[in-house]
file data.txt (compact mmCIF, C-alpha atoms and all ligand atoms)
# COMPACT_ATOMS: atom_id res chain seq x y z
CA MET Q 437 68.54 138.32 129.59
CA LYS Q 438 72.31 138.41 129.63
CA THR Q 439 72.41 134.83 130.99
CA ILE Q 440 70.16 133.62 128.15
CA ASN Q 441 72.40 135.25 125.52
CA VAL Q 442 75.51 133.60 126.94
CA PHE Q 443 73.67 130.28 127.02
CA LEU Q 444 72.61 130.64 123.36
CA ILE Q 445 76.14 131.55 122.25
CA ALA Q 446 77.53 128.51 124.11
CA ILE Q 447 75.03 126.23 122.32
CA LEU Q 448 75.99 127.72 118.94
CA ILE Q 449 79.72 127.15 119.60
CA LEU Q 450 79.14 123.56 120.77
CA SER Q 451 76.96 122.83 117.71
CA PHE Q 452 79.65 124.19 115.39
CA LEU Q 453 82.36 122.04 117.05
CA PHE Q 454 80.17 118.94 116.87
CA LEU Q 455 79.41 119.41 113.16
CA SER Q 456 83.09 120.04 112.36
CA CYS Q 457 84.16 116.79 114.04
CA LYS Q 458 81.37 114.84 112.38
CA GLY Q 459 82.49 116.10 108.96
CA ASP Q 460 86.07 114.96 109.51
CA LYS Q 461 85.04 111.49 110.60
CA GLY Q 462 82.66 111.05 107.68
CA GLU Q 463 85.26 112.10 105.15
CA LYS Q 464 87.90 109.68 106.45
CA GLY Q 465 85.42 106.82 106.69
CA ASP Q 466 84.19 107.32 103.14
CA MET Q 467 87.47 107.97 101.38
CA GLY Q 468 89.91 105.75 103.20
CA PRO Q 469 92.77 108.26 103.55
CA VAL Q 470 94.55 108.27 106.89
CA GLY Q 471 96.46 111.31 108.04
CA PRO Q 472 96.36 114.93 106.98
CA ALA Q 473 96.50 116.05 103.37
CA GLY Q 474 99.84 117.73 102.72
CA PRO Q 475 100.98 120.01 99.92
CA ALA Q 476 102.92 117.15 98.30
CA GLY Q 477 100.02 114.72 98.28
CA HIS Q 478 97.63 112.70 100.34
CA THR Q 479 98.10 109.66 102.51
CA PHE Q 480 96.06 106.69 101.39
CA THR Q 481 95.77 103.37 103.20
CA PRO Q 482 94.42 101.96 101.01
CA LEU Q 483 93.31 103.69 97.82
CA TRP Q 484 90.55 102.02 95.87
CA GLU Q 485 89.12 103.88 92.87
CA ASP Q 486 86.54 102.24 90.65
CA PHE Q 487 84.83 105.48 89.54
CA GLU Q 488 81.45 104.18 90.64
CA THR Q 489 80.80 107.60 92.21
CA GLY Q 490 80.29 108.79 88.62
CA ASP Q 491 82.84 111.58 89.04
CA PHE Q 492 86.36 112.34 90.32
CA SER Q 493 85.26 113.35 93.83
CA LYS Q 494 86.56 110.36 95.78
CA TYR Q 495 90.24 111.36 95.54
CA PRO Q 496 92.07 114.57 94.52
CA TRP Q 497 92.52 113.78 90.82
CA GLN Q 498 94.19 116.43 88.68
CA HIS Q 499 93.47 117.01 85.00
CA SER Q 500 95.71 118.50 82.34
CA GLY Q 501 96.41 118.35 78.61
CA SER Q 502 94.40 119.28 75.52
CA ALA Q 503 91.24 117.51 76.77
CA TYR Q 504 90.33 116.02 80.16
CA TRP Q 505 89.46 112.47 81.17
CA SER Q 506 85.77 111.81 81.93
CA VAL Q 507 83.61 109.14 83.55
CA THR Q 508 81.80 106.84 81.13
CA SER Q 509 79.40 103.92 81.37
CA ALA Q 510 80.36 102.70 77.86
CA THR Q 511 82.72 100.10 79.36
CA ALA Q 512 83.96 99.09 82.82
CA PHE Q 513 86.00 96.39 84.50
CA PHE Q 514 84.49 96.84 87.98
CA GLY Q 515 80.86 97.90 88.29
CA THR Q 516 79.30 99.94 85.51
CA GLN Q 517 81.59 102.96 85.09
CA SER Q 518 85.19 103.69 84.18
CA VAL Q 519 87.11 106.76 83.00
CA ARG Q 520 88.21 107.48 79.45
CA SER Q 521 90.79 109.88 78.11
CA GLY Q 522 89.70 113.13 76.49
CA THR Q 523 89.11 113.46 72.75
CA ILE Q 524 92.39 114.76 71.33
CA SER Q 525 94.03 115.38 67.95
CA HIS Q 526 97.48 114.45 66.59
CA ASN Q 527 100.43 115.53 68.77
CA GLN Q 528 98.18 116.15 71.76
CA LYS Q 529 97.77 114.46 75.14
CA SER Q 530 95.18 113.96 77.88
CA ASP Q 531 96.55 113.51 81.43
CA LEU Q 532 95.08 112.14 84.65
CA THR Q 533 97.29 112.61 87.71
CA ILE Q 534 97.19 111.90 91.44
CA ALA Q 535 99.72 112.66 94.18
CA VAL Q 536 100.07 110.11 96.97
CA ASN Q 537 102.04 109.99 100.20
CA LEU Q 538 102.80 106.41 101.28
CA SER Q 539 103.91 105.57 104.81
CA LYS Q 540 105.40 102.24 103.67
CA ALA Q 541 106.19 100.25 100.52
CA SER Q 542 102.89 99.66 98.74
CA LEU Q 543 101.43 97.69 95.91
CA LEU Q 544 99.81 99.62 93.05
CA TYR Q 545 97.76 98.01 90.37
CA TYR Q 546 95.33 99.26 87.73
CA TYR Q 547 93.19 97.87 84.94
CA TYR Q 548 93.43 99.53 81.52
CA LYS Q 549 92.07 99.24 78.02
CA THR Q 550 93.09 101.04 74.84
CA SER Q 551 91.48 101.40 71.44
CA CYS Q 552 93.92 103.26 69.25
CA GLU Q 553 96.64 103.12 66.61
CA SER Q 554 98.88 100.26 67.70
CA GLY Q 555 102.40 101.32 68.62
CA TYR Q 556 101.98 105.03 67.92
CA ASP Q 557 99.04 106.36 69.97
CA GLY Q 558 98.45 105.03 73.47
CA LEU Q 559 98.49 105.22 77.23
CA ILE Q 560 101.75 106.00 79.00
CA PHE Q 561 102.02 105.50 82.76
CA TYR Q 562 104.51 107.63 84.72
CA ILE Q 563 105.72 107.34 88.31
CA ASP Q 564 107.35 110.59 89.43
CA ASN Q 565 107.52 111.77 85.81
CA ILE Q 566 109.46 108.69 84.67
CA GLN Q 567 107.76 106.52 82.09
CA ARG Q 568 107.21 103.06 83.57
CA THR Q 569 105.03 101.32 80.99
CA SER Q 570 102.82 101.96 77.98
CA HIS Q 571 99.81 100.31 76.38
CA SER Q 572 98.38 100.65 72.87
CA GLY Q 573 96.38 98.85 70.19
CA VAL Q 574 92.72 98.00 69.73
CA MET Q 575 92.38 95.77 72.79
CA SER Q 576 89.67 93.13 72.95
CA GLY Q 577 89.40 93.34 76.75
CA TRP Q 578 90.97 94.83 79.88
CA GLY Q 579 94.59 94.33 80.87
CA LEU Q 580 96.23 94.58 84.29
CA THR Q 581 99.55 96.01 85.38
CA TYR Q 582 101.16 96.47 88.79
CA PHE Q 583 104.12 98.10 90.53
CA VAL Q 584 105.64 98.18 93.98
CA LEU Q 585 106.00 101.76 95.16
CA PRO Q 586 108.57 102.75 97.79
CA PRO Q 587 107.43 104.84 100.80
CA GLY Q 588 107.18 108.60 100.38
CA ASN Q 589 105.56 111.11 98.05
CA HIS Q 590 104.82 109.98 94.51
CA THR Q 591 103.07 111.41 91.50
CA LEU Q 592 101.19 108.89 89.38
CA LYS Q 593 100.20 110.01 85.89
CA TRP Q 594 98.27 108.30 83.09
CA SER Q 595 98.70 110.12 79.80
CA TYR Q 596 96.90 109.27 76.56
CA VAL Q 597 99.13 110.55 73.76
CA LYS Q 598 98.99 110.69 69.97
CA ASP Q 599 101.80 110.99 67.44
CA GLY Q 600 101.59 113.14 64.31
CA THR Q 601 99.51 110.95 61.97
CA ASN Q 602 96.75 108.32 61.84
CA SER Q 603 94.14 107.13 64.32
CA ALA Q 604 92.39 103.81 64.99
CA GLY Q 605 89.52 102.37 67.02
CA SER Q 606 87.80 104.66 69.51
CA ASP Q 607 91.04 106.67 69.78
CA CYS Q 608 91.15 106.65 73.59
CA ALA Q 609 92.19 104.75 76.72
CA TRP Q 610 90.11 103.65 79.71
CA LEU Q 611 91.06 103.05 83.37
CA ASP Q 612 89.19 101.27 86.16
CA GLY Q 613 90.06 99.55 89.44
CA ILE Q 614 93.07 101.57 90.60
CA TYR Q 615 94.36 100.15 93.88
CA ILE Q 616 97.11 101.01 96.34
CA SER Q 617 97.60 99.00 99.52
CA ASP Q 618 100.08 97.05 101.59
CA TYR Q 619 102.76 95.23 99.65
CA THR Q 620 103.28 91.52 100.24
CA THR Q 621 105.13 89.02 98.09
CA ALA Q 622 102.03 86.79 98.11
CA LYS Q 623 99.90 89.59 96.60
CA VAL Q 624 102.53 90.32 93.96
CA SER Q 625 102.70 86.64 92.94
CA GLU Q 626 98.93 86.48 92.73
CA LEU Q 627 98.77 89.64 90.61
CA ALA Q 628 101.58 88.46 88.34
CA SER Q 629 99.62 85.33 87.55
CA ILE Q 630 96.35 87.22 86.89
CA ALA Q 631 98.12 89.86 84.80
CA GLU Q 632 99.91 87.28 82.66
CA GLN Q 633 96.69 85.47 81.82
CA LEU Q 634 94.72 88.67 81.12
CA ASN Q 635 97.37 90.43 79.07
CA LYS Q 636 98.03 87.42 76.84
CA SER Q 637 94.55 87.54 75.40
CA VAL Q 638 93.75 91.23 74.91
CA ASN Q 639 96.01 92.29 72.03
CA CYS Q 640 97.91 95.06 73.81
CA VAL Q 641 101.32 96.28 72.65
CA PRO Q 642 103.68 98.88 74.12
CA LEU Q 643 104.27 102.16 72.33
CA LYS Q 644 107.31 102.10 70.08
CA LEU Q 645 110.24 103.68 71.91
CA GLY Q 646 111.22 107.05 70.54
CA THR Q 647 108.05 107.70 68.59
CA VAL Q 648 105.85 109.40 71.17
CA GLU Q 649 107.94 109.77 74.31
CA LYS Q 650 110.35 112.28 72.76
CA LYS Q 651 107.53 114.75 72.23
CA TYR Q 652 106.60 115.08 75.90
CA CA S 1 84.18 100.96 87.67
CA CA S 2 98.58 108.26 65.53
call {"tool": "encode", "arguments": {"input": "data.txt", "output": "structure tokens", "more": "lines below"}}
Ligand SMILES: [Ca+2]
Ligand SMILES: [Ca+2]
result
Amino acid sequence: MKTINVFLIAILILSFLFLSCKGDKGEKGDMGPVGPAGPAGHTFTPLWEDFETGDFSKYPWQHSGSAYWSVTSATAFFGTQSVRSGTISHNQKSDLTIAVNLSKASLLYYYYKTSCESGYDGLIFYIDNIQRTSHSGVMSGWGLTYFVLPPGNHTLKWSYVKDGTNSAGSDCAWLDGIYISDYTTAKVSELASIAEQLNKSVNCVPLKLGTVEKKY
């Protein structure tokens, strides 16, 4: 009897270990991150987010502000779904943030669309809490922007913000096709060419300096 009990316990322990390993492998294979998740962020090689999961489960997205971003099938650049900023009022913001840990210099790009008061409400993109670009206006299509990120921990934040008066269009911003991978000069040249052509035709303008940024 005692031998049988020991045998059963051994099987239970082995089953537990097997399932634990299987879970780890599945997670890495599905998500693409390599290396352990640390308190300062996650290691991604590469990151590819097109929101086709229908939620924010693929990567550790963080939400903040007066209203949260949500997945929508109203418009998309890749596939059938994208994310749109939360419904906010004057002097409010809706933030979508992700922390990344990069082992080497990497290329980041993302597709965006805004439908809002040109120059005064819009989407601000921050790298490590420093504003790097902004987009606003009632855009007729999707635009593309890109950056080269140095190795290390970085916080990437997309913030839809509104000034104190007036609204236009759908009063929101959308994101789709967020990508981080190895940086090469060839990829940057290719992206520069695509971005130039796309952005020329979509009626996007930057936010006016000093109107919105001062408030946040
Ligand atoms: Ca998509
Ligand atoms: Ca406004």
call {"tool": "residues_near_ligand", "arguments": {"input": "data.txt", "ligand": "ligand CA 1 (chain S)", "cutoff": "6 Å", "atoms": "all atoms listed in the file", "output": "PyMOL selection string"}}
result
chain Q and resi 486-488+512-518+612
call {"tool": "closest_residue", "arguments": {"input": "data.txt", "among": "Q:Leu483, Q:Ala628, Q:Leu544, Q:Ile524", "to": "ligand CA 2 (chain S)", "atoms": "all atoms listed in the file"}}
result
Q:Ile524
call {"tool": "closest_atom_pairs", "arguments": {"input": "data.txt", "of": "chain Q", "to": "ligand CA 2 (chain S)", "cutoff": "6 Å", "atoms": "all atoms listed in the file", "output": "CSV"}}
result
residue,atom,partner,partner_atom,distance
Q:Glu553,CA,S:CA2,CA,5.6
Q:Tyr556,CA,S:CA2,CA,5.3
Q:Asp557,CA,S:CA2,CA,4.9
Q:Lys598,CA,S:CA2,CA,5.1
Q:Asp599,CA,S:CA2,CA,4.6
Q:Gly600,CA,S:CA2,CA,5.9
Q:Thr601,CA,S:CA2,CA,4.6
Q:Asn602,CA,S:CA2,CA,4.1
Q:Ser603,CA,S:CA2,CA,4.7
call {"tool": "closest_residue", "arguments": {"input": "data.txt", "among": "Q:Val574, Q:Leu627, Q:Val638, Q:Cys608", "to": "Q:Tyr504", "atoms": "only C-alpha atoms"}}
result
Q:Cys608
call {"tool": "atom_distance", "arguments": {"input": "data.txt", "atom1": "atom CA of Q:Ser595", "atom2": "atom CA of Q:Lys623"}}
result
26.6 Å
call {"tool": "atom_distance", "arguments": {"input": "data.txt", "atom1": "atom CA of Q:Ser500", "atom2": "atom CA of Q:Val536"}}
result
17.4 Å
call {"tool": "atom_distance", "arguments": {"input": "data.txt", "atom1": "atom CA of Q:Pro642", "atom2": "atom CA of Q:Gly573"}}
result
8.3 Å
